[in-house]
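Visitor: Quick one: structure below, then a few questions.
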Amino acid sequence: MQRKAIYAGSFDPFTLGHLDVVQRVAKSFERVIVLVGYNKKKNSWLSVADRMELVEAATQHLPNVIVESWSGLTVDFARKYPQSILVRSLRSAADLEWESAMAWGNSTQFSELETYFLLAQPQWQHLSSSLVRELWHHRGDYQAMLPLSVYKFLKKMELNP
């Protein structure tokens with residue numbers, strides 16, 4: 001039996017860097033769960049429902065990808081899927097330091113959970129959701145950073161802030 005992969009993030013918004021990770025992981029796993037995380041104590045830019053819809057629209061061409069949401073520890077979500085793999089993308093050495101600490105912390109809570117690190121493709125190493133949000137707020141050009149469906153959604157938001 002092939003393992004399931006869990007790719008968790010806030011995806012606020014979902015970028016082409018995120019999509020690249022999902023597409024690459026989808027080639028190697030029977031099922032990929034894109035987990036849209038949210039924290040009730042934090043204010044997200046986009047609602048959980050919007051983020052889920054945007055991820056679903058951007059990944060609709062990948063039949064083995066499903067989208068779920070979760071408020072809580074990712075490791076607790078992973079318990080629902082025994083033998084699952086947590087996939088984390090690394091853009092930089094700083095990401096590696098942070099993510100390796102998180103992987104260690106997760107392993108203290110759920111020893112069976114493995115974390116796989118996937119290096120971001122060079123063209124996406126400097127892309128972040130926060131950069132897209134900043135460009136959006138200042139009416140910059142962010143089209144080349146987003147799946148078309150996400151771009152169209154954000155352009156509509158510009159017209160109806």
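Simple scheme: letters A, B, ... for chains in structure tokens order, numbers from 1 for residues in each chain, numbers from 1 for ligands in the order shown.
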Which neighbours of A:Ser69 fall inside 7 Å, counting only C-alpha atoms, when residues of the same chain fewer than 6 positions from it are skipped, and could you give them as a PyMOL selection string?
Guide: chain A and resi 35-37
Visitor: Produce a file of the selected residues containing C-alpha atoms, as a tab-separated table (two decimals), in the first residue's frame.
Guide:
```
chain	number	residue	atom	x	y	z
A	35	LEU	CA	-4.48	20.62	4.30
A	36	VAL	CA	-5.63	24.21	4.62
A	37	GLY	CA	-4.75	25.17	8.16
```
Visitor: For A:Asn106, find every residue with an atom within 9 Å (counting only C-alpha atoms), except residues of its own chain fewer than 4 positions away, and show them as a PyMOL selection string.
Guide: chain A and resi 73-75+101-102+110-111+113-115
Visitor: Please write the residues from the selection above to a file, keeping C-alpha atoms, as a PDB file, in the first residue's frame.
Guide:
```pdb
ATOM      1  CA  LEU A  73      -1.831  20.637  15.282  1.00  0.00           C
ATOM      2  CA  THR A  74      -1.004  19.130  11.908  1.00  0.00           C
ATOM      3  CA  VAL A  75       0.331  16.079  13.722  1.00  0.00           C
ATOM      4  CA  ALA A 101      12.669  21.743  14.317  1.00  0.00           C
ATOM      5  CA  MET A 102       8.975  21.328  13.505  1.00  0.00           C
ATOM      6  CA  PHE A 110       3.452  11.055  16.818  1.00  0.00           C
ATOM      7  CA  SER A 111       6.536   8.901  16.317  1.00  0.00           C
ATOM      8  CA  LEU A 113       4.854  10.425  11.274  1.00  0.00           C
ATOM      9  CA  GLU A 114       7.670  10.971   8.799  1.00  0.00           C
ATOM     10  CA  THR A 115       8.427  14.335   7.257  1.00  0.00           C
TER      11      THR A 115
END
```
Visitor: Of the candidates A:Ser128, A:Ser44, A:Thr15, A:Gln109, which one gets nearest to A:Phe77 if we count only C-alpha atoms?
Guide: A:Gln109
Visitor: Would you please work out which residue, of A:Val150, A:Ile33, A:Leu90, A:Leu131, is nearest to A:Phe117 when using only C-alpha atoms?
Guide: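 Closest to A:Phe117, using only C-alpha atoms: A:Leu90.
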Visitor: Have a look at atom CA of A:Val55 and atom CA of A:Arg139 and let me know their distance in Å, one decimal.
Guide: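 So the two atoms, atom CA of A:Val55 and atom CA of A:Arg139, lie 22.8 Å apart.
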Visitor: If I take atom CA of A:Phe11 and atom CA of A:Glu112, how far is one from the other in Å, to one decimal?
Guide: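 Interatomic distance here is 25.8 Å.
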Visitor: Using only C-alpha atoms, can you tell me which of A:Glu134, A:Tyr116, A:Asp12, A:His126 comes closest to A:Ser84?
Guide: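 Answer, going by the shortest atom-to-atom distance: A:Tyr116.
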Visitor: Could you check which of A:Gln23, A:Thr59, A:Ser149, A:Ser10 is closest to A:Tyr38, using only C-alpha atoms?
Guide: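 With only C-alpha atoms as the atom set, the closest residue is A:Ser10.
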Visitor: Which residue is closest to A:Gln143? Choose from A:Leu86, A:Glu97, A:His18, A:Lys155 and count only C-alpha atoms.
Guide: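 Closest residue, counting only C-alpha atoms: A:Lys155.
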Visitor: Could you write out, as a PyMOL selection string, all the residues of stretch 52-126 of chain A that DSSP marks as helix (DSSP H, G or I)?
Guide: chain A and resi 52-58+74-78+93-109+122-124
Visitor: Of the candidates A:Lys152, A:Ser89, A:Gln83, A:Glu56, which one gets nearest to A:Leu127 if we count only C-alpha atoms?
Guide: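 Of A:Lys152, A:Ser89, A:Gln83, A:Glu56, the one nearest A:Leu127, counting only C-alpha atoms, is A:Ser89.
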Visitor: Run DSSP on the backbone and give me the residues of chain A it puts in strand (DSSP E), as an MDAnalysis selection string.
Guide: chainID A and resid 4:9 31:37 65:70 85:90 114:119
Visitor: Which residues, written as a VMD selection string, have at least one atom at most 8 Å from A:Trp124, with only C-alpha atoms counted and residues fewer than 2 positions away on the same chain left out?
Guide: chain A and resid 16 to 17 91 120 to 122 126 to 127
